[in-house]
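> Input structure: protein23.cif, which contains mmCIF, C-alpha atoms.
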data_data
loop_
_atom_site.group_PDB
_atom_site.id
_atom_site.type_symbol
_atom_site.label_atom_id
_atom_site.label_comp_id
_atom_site.auth_asym_id
_atom_site.auth_seq_id
_atom_site.Cartn_x
_atom_site.Cartn_y
_atom_site.Cartn_z
ATOM 1 C CA MET F 79 3.494 15.899 -6.915
ATOM 2 C CA ALA F 80 -0.177 14.872 -7.336
ATOM 3 C CA GLN F 81 -0.136 15.440 -11.113
ATOM 4 C CA SER F 82 3.019 13.322 -11.502
ATOM 5 C CA GLU F 83 1.540 10.550 -9.374
ATOM 6 C CA PHE F 84 -1.700 10.798 -11.345
ATOM 7 C CA GLY F 85 0.102 10.343 -14.664
ATOM 8 C CA GLU F 86 2.207 7.476 -13.330
ATOM 9 C CA PHE F 87 -0.937 5.755 -12.062
ATOM 10 C CA LEU F 88 -2.608 6.054 -15.482
ATOM 11 C CA ILE F 89 0.415 4.583 -17.251
ATOM 12 C CA ALA F 90 0.828 1.756 -14.721
ATOM 13 C CA ARG F 91 -2.823 0.751 -14.929
ATOM 14 C CA ARG F 92 -2.782 0.872 -18.732
ATOM 15 C CA ALA F 93 0.220 -1.465 -18.725
ATOM 16 C CA ARG F 94 -1.591 -4.020 -16.561
ATOM 17 C CA LEU F 95 -4.485 -4.582 -18.957
ATOM 18 C CA GLN F 96 -4.354 -6.847 -22.008
ATOM 19 C CA PRO F 97 -6.552 -6.318 -25.105
ATOM 20 C CA GLU F 98 -8.566 -9.439 -24.323
ATOM 21 C CA ASP F 99 -9.346 -8.026 -20.851
ATOM 22 C CA VAL F 100 -11.407 -5.257 -22.462
ATOM 23 C CA GLY F 101 -12.850 -7.205 -25.379
ATOM 24 C CA LEU F 102 -10.286 -6.168 -28.004
ATOM 25 C CA PRO F 103 -8.443 -8.543 -30.333
ATOM 26 C CA ALA F 104 -4.843 -9.231 -29.329
ATOM 27 C CA GLY F 105 -3.526 -8.337 -32.779
ATOM 28 C CA ARG F 106 0.141 -8.357 -33.612
ATOM 29 C CA ARG F 107 2.937 -8.612 -31.060
ATOM 30 C CA ARG F 108 3.337 -5.495 -28.909
ATOM 31 C CA ARG F 109 6.594 -3.788 -28.107
ATOM 32 C CA THR F 110 5.385 -2.765 -24.645
ATOM 33 C CA PRO F 111 3.007 -4.582 -22.265
ATOM 34 C CA GLY F 112 -0.594 -3.586 -21.801
ATOM 35 C CA LEU F 113 -3.032 -1.470 -23.760
ATOM 36 C CA ARG F 114 -1.948 1.201 -26.188
ATOM 37 C CA ARG F 115 -2.798 4.779 -25.336
ATOM 38 C CA GLU F 116 -5.182 5.023 -28.288
ATOM 39 C CA GLU F 117 -7.062 1.947 -27.081
ATOM 40 C CA VAL F 118 -7.645 3.413 -23.615
ATOM 41 C CA ALA F 119 -8.623 6.746 -25.163
ATOM 42 C CA ALA F 120 -11.205 5.018 -27.359
ATOM 43 C CA LEU F 121 -12.621 3.034 -24.435
ATOM 44 C CA ALA F 122 -12.912 6.178 -22.303
ATOM 45 C CA GLY F 123 -14.252 8.385 -25.098
ATOM 46 C CA VAL F 124 -11.438 10.945 -24.933
ATOM 47 C CA SER F 125 -8.868 12.008 -27.500
ATOM 48 C CA VAL F 126 -5.452 10.378 -27.649
ATOM 49 C CA ASP F 127 -3.838 13.804 -27.314
ATOM 50 C CA TYR F 128 -5.843 14.575 -24.170
ATOM 51 C CA LEU F 129 -4.899 11.245 -22.583
ATOM 52 C CA ALA F 130 -1.253 11.920 -23.452
ATOM 53 C CA ARG F 131 -1.476 15.312 -21.731
ATOM 54 C CA LEU F 132 -2.928 13.673 -18.603
ATOM 55 C CA GLU F 133 -0.230 11.005 -18.508
ATOM 56 C CA GLN F 134 2.535 13.542 -19.027
ATOM 57 C CA GLY F 135 1.209 16.017 -16.457
ATOM 58 C CA ARG F 136 0.508 18.715 -19.074
ATOM 59 C CA ASP F 137 -3.207 18.751 -18.188
ATOM 60 C CA THR F 138 -4.031 18.809 -14.494
ATOM 61 C CA ASN F 139 -7.772 19.460 -14.445
ATOM 62 C CA PRO F 140 -9.732 16.359 -15.536
ATOM 63 C CA SER F 141 -13.471 16.487 -14.974
ATOM 64 C CA MET F 142 -15.388 14.004 -12.852
ATOM 65 C CA ALA F 143 -16.887 12.606 -16.058
ATOM 66 C CA VAL F 144 -13.428 11.981 -17.509
ATOM 67 C CA LEU F 145 -12.267 10.348 -14.283
ATOM 68 C CA GLY F 146 -15.319 8.089 -14.297
ATOM 69 C CA ALA F 147 -14.781 7.119 -17.922
ATOM 70 C CA LEU F 148 -11.085 6.382 -17.345
ATOM 71 C CA SER F 149 -11.928 4.357 -14.239
ATOM 72 C CA GLU F 150 -14.288 2.231 -16.274
ATOM 73 C CA ALA F 151 -11.810 1.841 -19.137
ATOM 74 C CA LEU F 152 -9.025 0.810 -16.747
ATOM 75 C CA GLN F 153 -11.358 -1.491 -14.757
ATOM 76 C CA LEU F 154 -10.530 0.094 -11.409
ATOM 77 C CA ASN F 155 -12.074 -1.302 -8.237
ATOM 78 C CA GLU F 156 -13.566 0.935 -5.543
ATOM 79 C CA VAL F 157 -10.334 1.384 -3.596
ATOM 80 C CA GLU F 158 -8.438 2.241 -6.780
ATOM 81 C CA ARG F 159 -11.166 4.713 -7.837
ATOM 82 C CA HIS F 160 -10.918 6.474 -4.485
ATOM 83 C CA HIS F 161 -7.131 6.659 -4.815
ATOM 84 C CA PHE F 162 -7.489 7.894 -8.407
ATOM 85 C CA GLY F 163 -9.775 10.702 -7.241
ATOM 86 C CA LYS F 164 -7.367 11.748 -4.497
ATOM 87 C CA LEU F 165 -4.516 11.944 -6.997
ATOM 88 C CA ALA F 166 -6.615 14.034 -9.370
ATOM 89 C CA PHE F 167 -8.378 16.435 -7.019
ATOM 90 C CA GLY F 168 -6.774 16.191 -3.604
ATOM 91 C CA LEU F 169 -8.383 15.352 -0.306
ATOM 92 C CA GLU F 170 -11.035 18.072 -0.419
ATOM 93 C CA HIS F 171 -12.854 16.069 -3.127
ATOM 94 C CA ALA F 172 -12.203 12.623 -1.670
ATOM 95 C CA ALA F 173 -14.452 10.778 0.708
ATOM 96 C CA GLY F 174 -13.671 10.902 4.405
ATOM 97 C CA GLY F 175 -11.938 13.461 6.590
ATOM 98 C CA CYS F 176 -8.978 15.681 5.874
ATOM 99 C CA PRO F 177 -5.907 14.597 7.818
ATOM 100 C CA SER F 178 -3.384 17.154 8.953
ATOM 101 C CA PRO F 179 -0.969 18.008 6.130
ATOM 102 C CA GLY F 180 1.782 18.979 8.538
ATOM 103 C CA ARG F 181 4.286 17.023 10.561
ATOM 104 C CA ALA F 182 3.229 13.488 11.419
ATOM 105 C CA GLU F 183 1.907 12.917 14.913
ATOM 106 C CA ASP F 184 4.390 10.530 16.515
ATOM 107 C CA GLN F 185 3.094 10.730 20.074
ATOM 108 C CA VAL F 186 0.697 8.032 21.247
ATOM 109 C CA SER F 187 -1.857 9.220 23.760
ATOM 110 C CA GLU F 188 -2.053 7.699 27.222
ATOM 111 C CA THR F 189 -5.542 6.434 26.404
ATOM 112 C CA LEU F 190 -4.357 4.663 23.262
ATOM 113 C CA GLN F 191 -1.433 3.114 25.145
ATOM 114 C CA ALA F 192 -3.898 1.910 27.790
ATOM 115 C CA VAL F 193 -5.918 0.213 25.039
ATOM 116 C CA LEU F 194 -2.788 -1.564 23.832
ATOM 117 C CA ASP F 195 -1.914 -2.672 27.369
ATOM 118 C CA ALA F 196 -5.453 -3.912 27.965
ATOM 119 C CA LEU F 197 -5.158 -6.177 24.926
ATOM 120 C CA HIS F 198 -2.243 -8.086 26.518
ATOM 121 C CA PRO F 199 -1.444 -10.999 26.061
ATOM 122 C CA THR F 200 -2.529 -10.349 22.453
ATOM 123 C CA PRO F 201 0.196 -8.484 20.525
ATOM 124 C CA ALA F 202 -0.960 -5.007 19.490
ATOM 125 C CA VAL F 203 0.956 -2.125 17.921
ATOM 126 C CA VAL F 204 0.344 1.478 16.810
ATOM 127 C CA LEU F 205 1.741 2.382 13.377
ATOM 128 C CA GLY F 206 2.398 5.873 12.041
ATOM 129 C CA ARG F 207 1.984 7.330 8.581
ATOM 130 C CA TRP F 208 4.753 5.317 6.925
ATOM 131 C CA GLN F 209 4.481 2.038 8.833
ATOM 132 C CA ASN F 210 6.770 3.273 11.605
ATOM 133 C CA ILE F 211 6.104 1.627 14.983
ATOM 134 C CA LEU F 212 5.024 4.268 17.490
ATOM 135 C CA ALA F 213 4.034 2.058 20.419
ATOM 136 C CA GLY F 214 3.215 -1.513 21.338
ATOM 137 C CA ASN F 215 2.279 -3.610 24.313
ATOM 138 C CA ALA F 216 4.612 -6.091 26.007
ATOM 139 C CA ALA F 217 3.175 -8.991 24.012
ATOM 140 C CA TRP F 218 3.933 -7.213 20.743
ATOM 141 C CA ARG F 219 7.516 -6.556 21.757
ATOM 142 C CA ASP F 220 8.004 -10.192 22.811
ATOM 143 C CA PHE F 221 6.618 -11.357 19.480
ATOM 144 C CA ALA F 222 8.284 -8.830 17.161
ATOM 145 C CA GLU F 223 11.802 -8.593 18.572
ATOM 146 C CA PRO F 224 12.848 -12.162 17.617
ATOM 147 C CA LEU F 225 11.651 -11.498 14.066
ATOM 148 C CA GLY F 226 14.166 -8.651 13.797
ATOM 149 C CA VAL F 227 11.696 -5.762 13.566
ATOM 150 C CA TYR F 228 13.790 -3.722 16.022
ATOM 151 C CA ASP F 229 17.219 -4.707 14.666
ATOM 152 C CA ASP F 230 19.813 -2.052 13.852
ATOM 153 C CA GLY F 231 19.101 -0.415 10.516
ATOM 154 C CA ILE F 232 15.410 -1.329 10.590
ATOM 155 C CA ASP F 233 14.497 1.305 13.189
ATOM 156 C CA GLY F 234 11.136 -0.181 14.014
ATOM 157 C CA ASN F 235 9.614 0.323 10.561
ATOM 158 C CA LEU F 236 7.570 -2.533 9.097
ATOM 159 C CA ALA F 237 8.070 -1.502 5.459
ATOM 160 C CA ARG F 238 11.830 -1.261 5.903
ATOM 161 C CA TYR F 239 11.786 -4.601 7.724
ATOM 162 C CA VAL F 240 9.909 -6.404 4.942
ATOM 163 C CA PHE F 241 12.173 -5.074 2.173
ATOM 164 C CA ALA F 242 15.524 -4.543 3.893
ATOM 165 C CA HIS F 243 15.909 -7.170 6.609
ATOM 166 C CA PRO F 244 17.959 -10.092 5.230
ATOM 167 C CA ALA F 245 15.786 -12.678 7.012
ATOM 168 C CA ALA F 246 12.346 -11.212 6.293
ATOM 169 C CA SER F 247 11.692 -13.220 3.124
ATOM 170 C CA GLN F 248 12.405 -16.450 5.020
ATOM 171 C CA ARG F 249 10.422 -15.576 8.134
ATOM 172 C CA TRP F 250 7.349 -14.424 6.180
ATOM 173 C CA ARG F 251 6.229 -17.548 4.322
ATOM 174 C CA ASP F 252 3.905 -15.401 2.171
ATOM 175 C CA TRP F 253 6.442 -12.591 1.731
ATOM 176 C CA PRO F 254 5.102 -11.326 -1.655
ATOM 177 C CA VAL F 255 1.741 -10.618 -0.038
ATOM 178 C CA ALA F 256 3.407 -8.813 2.857
ATOM 179 C CA ALA F 257 5.425 -6.801 0.331
ATOM 180 C CA ASP F 258 2.277 -5.802 -1.570
ATOM 181 C CA MET F 259 0.639 -4.823 1.715
ATOM 182 C CA MET F 260 3.519 -2.454 2.518
ATOM 183 C CA ILE F 261 3.568 -0.953 -0.984
ATOM 184 C CA SER F 262 -0.174 -0.353 -0.793
ATOM 185 C CA ALA F 263 0.118 1.325 2.616
ATOM 186 C CA LEU F 264 2.913 3.629 1.435
ATOM 187 C CA ARG F 265 1.084 4.479 -1.795
ATOM 188 C CA ALA F 266 -2.044 5.402 0.187
ATOM 189 C CA ALA F 267 0.023 7.530 2.572
ATOM 190 C CA ARG F 268 1.800 9.253 -0.326
ATOM 191 C CA SER F 269 -1.540 10.279 -1.863
ATOM 192 C CA VAL F 270 -2.658 11.806 1.457
ATOM 193 C CA TRP F 271 0.640 13.387 2.572
ATOM 194 C CA PRO F 272 2.615 13.996 -0.651
ATOM 195 C CA ASP F 273 5.011 16.451 1.024
ATOM 196 C CA GLU F 274 5.722 14.458 4.186
ATOM 197 C CA GLN F 275 9.503 14.455 4.541
ATOM 198 C CA GLY F 276 9.874 11.229 6.515
ATOM 199 C CA LEU F 277 7.624 9.324 4.129
ATOM 200 C CA GLY F 278 9.476 10.655 1.093
ATOM 201 C CA SER F 279 12.844 9.751 2.594
ATOM 202 C CA LEU F 280 11.734 6.193 3.304
ATOM 203 C CA ILE F 281 10.384 5.696 -0.217
ATOM 204 C CA THR F 282 13.581 7.088 -1.743
ATOM 205 C CA GLU F 283 15.654 4.773 0.440
ATOM 206 C CA LEU F 284 13.635 1.676 -0.418
ATOM 207 C CA GLN F 285 13.641 2.430 -4.143
ATOM 208 C CA GLY F 286 17.278 1.346 -4.080
ATOM 209 C CA ARG F 287 16.029 -2.218 -3.533
ATOM 210 C CA PRO F 288 14.872 -3.974 -6.736
ATOM 211 C CA GLU F 289 11.931 -5.802 -5.131
ATOM 212 C CA PHE F 290 10.546 -2.519 -3.828
ATOM 213 C CA ALA F 291 11.278 -0.506 -6.967
ATOM 214 C CA CYS F 292 9.507 -3.037 -9.206
ATOM 215 C CA ARG F 293 6.387 -3.109 -7.034
ATOM 216 C CA TRP F 294 6.385 0.668 -6.566
ATOM 217 C CA ARG F 295 6.242 1.213 -10.332
ATOM 218 C CA GLU F 296 3.100 -0.935 -10.492
ATOM 219 C CA HIS F 297 1.182 1.570 -8.307
ATOM 220 C CA MET F 298 -0.351 -1.103 -6.107
ATOM 221 C CA VAL F 299 -3.213 0.270 -4.011
ATOM 222 C CA GLY F 300 -5.658 -1.537 -1.771
ATOM 223 C CA GLU F 301 -6.891 -1.756 1.795
ATOM 224 C CA PHE F 302 -5.455 -4.612 3.801
ATOM 225 C CA ARG F 303 -7.729 -4.221 6.812
ATOM 226 C CA THR F 304 -7.920 -7.837 7.862
ATOM 227 C CA GLY F 305 -6.279 -11.093 6.879
ATOM 228 C CA THR F 306 -3.879 -13.868 7.783
ATOM 229 C CA VAL F 307 -0.115 -14.184 7.438
ATOM 230 C CA HIS F 308 2.105 -17.214 7.968
ATOM 231 C CA LEU F 309 5.426 -16.855 9.739
ATOM 232 C CA ASP F 310 8.396 -19.009 10.610
ATOM 233 C CA HIS F 311 8.983 -17.474 14.019
ATOM 234 C CA PRO F 312 12.463 -18.021 15.512
ATOM 235 C CA GLN F 313 10.976 -18.985 18.883
ATOM 236 C CA ARG F 314 7.459 -20.222 18.086
ATOM 237 C CA GLY F 315 8.029 -22.090 14.846
ATOM 238 C CA GLU F 316 5.476 -22.094 12.024
ATOM 239 C CA ILE F 317 2.494 -19.996 13.095
ATOM 240 C CA GLU F 318 -0.554 -18.376 11.582
ATOM 241 C CA VAL F 319 -1.327 -14.786 12.559
ATOM 242 C CA GLU F 320 -4.622 -12.988 11.957
ATOM 243 C CA ILE F 321 -4.178 -9.236 11.621
ATOM 244 C CA GLU F 322 -6.981 -6.765 12.342
ATOM 245 C CA THR F 323 -6.417 -3.078 11.591
ATOM 246 C CA LEU F 324 -8.223 -0.188 13.302
ATOM 247 C CA ASN F 325 -7.954 3.527 12.527
ATOM 248 C CA PRO F 326 -8.443 5.629 15.667
ATOM 249 C CA ALA F 327 -6.805 8.724 14.105
ATOM 250 C CA ALA F 328 -5.761 10.005 10.686
ATOM 251 C CA ASP F 329 -2.065 9.699 11.501
ATOM 252 C CA GLN F 330 -2.137 6.382 13.343
ATOM 253 C CA THR F 331 -3.494 2.853 13.012
ATOM 254 C CA ILE F 332 -3.716 -0.003 15.501
ATOM 255 C CA GLN F 333 -2.853 -3.513 14.382
ATOM 256 C CA VAL F 334 -3.893 -6.445 16.560
ATOM 257 C CA TRP F 335 -2.014 -9.688 15.836
ATOM 258 C CA LEU F 336 -4.042 -12.741 16.838
ATOM 259 C CA VAL F 337 -1.444 -15.483 17.015
ATOM 260 C CA GLY F 338 -2.193 -19.143 16.387
ATOM 261 C CA ARG F 339 -5.949 -19.074 15.850
ATOM 262 C CA ARG F 340 -6.876 -21.452 13.025
ATOM 263 C CA GLN F 341 -9.315 -20.192 10.414
ATOM 264 C CA ALA F 342 -11.351 -21.843 7.692
ATOM 265 C CA HIS F 343 -10.459 -19.292 4.981
ATOM 266 C CA ALA F 344 -7.579 -19.822 2.598
ATOM 267 C CA PRO F 345 -4.058 -18.735 3.596
ATOM 268 C CA GLY F 346 -2.707 -15.358 2.650
ATOM 269 C CA LEU F 347 -3.831 -11.835 3.341
ATOM 270 C CA ARG F 348 -7.333 -10.996 2.226
ATOM 271 C CA LEU F 349 -7.689 -7.719 0.333
ATOM 272 C CA VAL F 350 -10.731 -5.871 1.607
ATOM 273 C CA ASN F 351 -12.141 -3.163 -0.644
ATOM 274 C CA GLU F 352 -14.369 -0.640 1.048
#
Could you write out this structure as C-alpha cells?


Amino acid sequence: MAQSEFGEFLIARRARLQPEDVGLPAGRRRRTPGLRREEVAALAGVSVDYLARLEQGRDTNPSMAVLGALSEALQLNEVERHHFGKLAFGLEHAAGGCPSPGRAEDQVSETLQAVLDALHPTPAVVLGRWQNILAGNAAWRDFAEPLGVYDDGIDGNLARYVFAHPAASQRWRDWPVAADMMISALRAARSVWPDEQGLGSLITELQGRPEFACRWREHMVGEFRTGTVHLDHPQRGEIEVEIETLNPAADQTIQVWLVGRRQAHAPGLRLVNE
C-alpha cells in the first residue's frame, strides 16, 4: 500500500510542476502535463531508471538523501515532505507519535464529551479517523442538522457530506476549499492507517464521484488547522464560521466552529503548514 501511494505521489507532484517553475525552458509542446521523468531525475541527481522504479513501486527502499533531493526537485513544502517521508518509511521514521494501527477508536470519553458540553453555546464536534462525527454538543447538532450533515445516506460523515450531499455545493460558498480540506484529511489518514477498513471503504465509495476522483488523483496534502468558511445556512442565512482544530488523541480531533465572528483576514480557509 505505502509503495503504491509513494509512487502515485511522485507522479502527481511531477505533473503539477511546469518547466518554468524549476528554471527550465518550456521547449516544444508536451503530450502530458508537468515535468518529464528525466527532468525530475536530473534535478534530483538520480538516474531516470531509478526514478522509474520508484514511481512504479519496483524499488521500495529510497535513502533519506534521495528523499531530500526529490523533495527539493518537486518543491515540496514542510507538510508535503512529512507526508512523503511517511509514505516512504512508515510512521516509525516520521515525526510525532505512533497511532494505533488497529481498529479506529469510535468511543468518546466522558471527559472529552464534558469539554464539548462546556463549550456550549459554541458548536463543537469530535471527528474520527475518516471525518466521521463521533460526538458533538447541542449547539453543534442545532447548527449542523439543517445543513444536512445527518441526512440519510450521509451518516454523519463530513467528507461524504461535502462530496455526496446534493445541496453541499450551494450551502458551502467556498465549496472547492472545503473539498480540498476533506481530500487532505483523508490523504493524511490513509498514510497513517493504510489498512483501515472503514477509511478504505469510504475512499472507494467517494471515488465514484468525479469531483472526488479528480482531486484524489492530485494527492492533495496539507494541514487545515484553522481558517474561515462561508456558508448559506438554511436557518441563519449567509454566515462566516471560524474553525479551530485540536488533536487530543491520535484517532480523534475536536473542531470548534465559531459562528459569525468577523475577521480581518481574507475569506477562505487558511492552509497552515507546521

> Between F:Ala213, F:Val227, F:Ala151, F:Val124, single out the one closest to F:Gly101, counting all atoms listed in the file.

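Once distances to F:Gly101 are computed over all atoms listed in the file, the minimum belongs to F:Ala151.
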
> Mind pulling up the distance from atom CA of F:Phe84 to atom CA of F:Leu284?

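It comes out at 20.9 Å.
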
> So what does the PyMOL selection byres ((chain F and resi 290) around 12) actually pick up in this one, as a PDB file with C-alpha atoms, keeping the file's coordinate frame?


ATOM      1  CA  ALA F 237       8.070  -1.502   5.459  1.00  0.00           C
ATOM      2  CA  ARG F 238      11.830  -1.261   5.903  1.00  0.00           C
ATOM      3  CA  TYR F 239      11.786  -4.601   7.724  1.00  0.00           C
ATOM      4  CA  VAL F 240       9.909  -6.404   4.942  1.00  0.00           C
ATOM      5  CA  PHE F 241      12.173  -5.074   2.173  1.00  0.00           C
ATOM      6  CA  ALA F 242      15.524  -4.543   3.893  1.00  0.00           C
ATOM      7  CA  PRO F 254       5.102 -11.326  -1.655  1.00  0.00           C
ATOM      8  CA  ALA F 256       3.407  -8.813   2.857  1.00  0.00           C
ATOM      9  CA  ALA F 257       5.425  -6.801   0.331  1.00  0.00           C
ATOM     10  CA  ASP F 258       2.277  -5.802  -1.570  1.00  0.00           C
ATOM     11  CA  MET F 259       0.639  -4.823   1.715  1.00  0.00           C
ATOM     12  CA  MET F 260       3.519  -2.454   2.518  1.00  0.00           C
ATOM     13  CA  ILE F 261       3.568  -0.953  -0.984  1.00  0.00           C
ATOM     14  CA  SER F 262      -0.174  -0.353  -0.793  1.00  0.00           C
ATOM     15  CA  LEU F 264       2.913   3.629   1.435  1.00  0.00           C
ATOM     16  CA  ARG F 265       1.084   4.479  -1.795  1.00  0.00           C
ATOM     17  CA  LEU F 280      11.734   6.193   3.304  1.00  0.00           C
ATOM     18  CA  ILE F 281      10.384   5.696  -0.217  1.00  0.00           C
ATOM     19  CA  THR F 282      13.581   7.088  -1.743  1.00  0.00           C
ATOM     20  CA  GLU F 283      15.654   4.773   0.440  1.00  0.00           C
ATOM     21  CA  LEU F 284      13.635   1.676  -0.418  1.00  0.00           C
ATOM     22  CA  GLN F 285      13.641   2.430  -4.143  1.00  0.00           C
ATOM     23  CA  GLY F 286      17.278   1.346  -4.080  1.00  0.00           C
ATOM     24  CA  ARG F 287      16.029  -2.218  -3.533  1.00  0.00           C
ATOM     25  CA  PRO F 288      14.872  -3.974  -6.736  1.00  0.00           C
ATOM     26  CA  GLU F 289      11.931  -5.802  -5.131  1.00  0.00           C
ATOM     27  CA  ALA F 291      11.278  -0.506  -6.967  1.00  0.00           C
ATOM     28  CA  CYS F 292       9.507  -3.037  -9.206  1.00  0.00           C
ATOM     29  CA  ARG F 293       6.387  -3.109  -7.034  1.00  0.00           C
ATOM     30  CA  TRP F 294       6.385   0.668  -6.566  1.00  0.00           C
ATOM     31  CA  ARG F 295       6.242   1.213 -10.332  1.00  0.00           C
ATOM     32  CA  GLU F 296       3.100  -0.935 -10.492  1.00  0.00           C
ATOM     33  CA  HIS F 297       1.182   1.570  -8.307  1.00  0.00           C
ATOM     34  CA  MET F 298      -0.351  -1.103  -6.107  1.00  0.00           C
TER      35      MET F 298
END

> Looking at all atoms listed in the file, which of F:Leu132, F:Val307, F:Leu145, F:Arg91 is the one that sits closest to F:Asp252?

F:Val307

> Tell me which of F:Pro224, F:Gly163, F:Gly276, F:Pro111 sits closest to F:His311, counting all atoms listed in the file.

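Among the listed residues, F:Pro224 lies closest to F:His311.
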
> What's the 7 Å shell around F:Val204, counting only C-alpha atoms, without same-chain residues fewer than 4 positions away, as a VMD selection string?

chain F and resid 211 to 214 330 to 333

> For F:Ala222, which residue out of F:Pro201, F:Gly278, F:Gly305, F:Gly112 is the nearest one, using all atoms listed in the file?

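Comparing F:Pro201, F:Gly278, F:Gly305, F:Gly112 against F:Ala222, the winner is F:Pro201.
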
> What's around F:Leu194 at 8 Å? Count all atoms listed in the file, leave out sequence neighbours fewer than 5 positions away in its own chain, and write the answer as a list in words.

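Once the adjacent positions are removed, what remains is Ala202, Val203, Gly214 and Asn215 of chain F.
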
> Between F:Glu150, F:Asp229, F:Glu301, F:Asp329, which one has atoms that come closest to F:Arg92, using all atoms listed in the file?

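Between F:Glu150, F:Asp229, F:Glu301, F:Asp329, the residue approaching F:Arg92 most closely is F:Glu150.
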
> For F:Leu129, please output as an NGL selection string all residues within 12 Å (counting all atoms listed in the file; exclusion window: fewer than 4 positions along the same chain).

:F and (84-85 or 88-89 or 92 or 114-125 or 133-140 or 144-145 or 147-148)

> Which one of F:Gln209, F:Phe162, F:Glu86, F:Ile321 sits closest to F:Leu277 if you count all atoms listed in the file?

F:Gln209

> Have a look at atom CA of F:Tyr228 and atom CA of F:Gly206 and let me know their distance in Å, one decimal.

15.4 Å

> One decimal, in Å: what's the spacing between atom CA of F:Gly315 and atom CA of F:Leu225?

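Between these atoms lies a distance of 11.2 Å.
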
> Skip F:Val337 itself and residues of its chain fewer than 5 positions away, then list as JSON, numbers by chain all residues within 10 Å of it, counting only C-alpha atoms.

{"F": [200, 201, 221, 306, 307, 308, 317, 318, 319, 320, 321]}

> When the PyMOL selection byres ((chain F and resi 95) around 9) is applied to the file above, which residues end up in the set, as a PyMOL selection string?

chain F and resi 91-94+96-100+111-113+152-153

> Include C-alpha atoms and write out the residues we just selected as a tab-separated table (two decimals), keeping the file's coordinate frame.


chain	number	residue	atom	x	y	z
F	91	ARG	CA	-2.82	0.75	-14.93
F	92	ARG	CA	-2.78	0.87	-18.73
F	93	ALA	CA	0.22	-1.46	-18.73
F	94	ARG	CA	-1.59	-4.02	-16.56
F	96	GLN	CA	-4.35	-6.85	-22.01
F	97	PRO	CA	-6.55	-6.32	-25.10
F	98	GLU	CA	-8.57	-9.44	-24.32
F	99	ASP	CA	-9.35	-8.03	-20.85
F	100	VAL	CA	-11.41	-5.26	-22.46
F	111	PRO	CA	3.01	-4.58	-22.26
F	112	GLY	CA	-0.59	-3.59	-21.80
F	113	LEU	CA	-3.03	-1.47	-23.76
F	152	LEU	CA	-9.02	0.81	-16.75
F	153	GLN	CA	-11.36	-1.49	-14.76
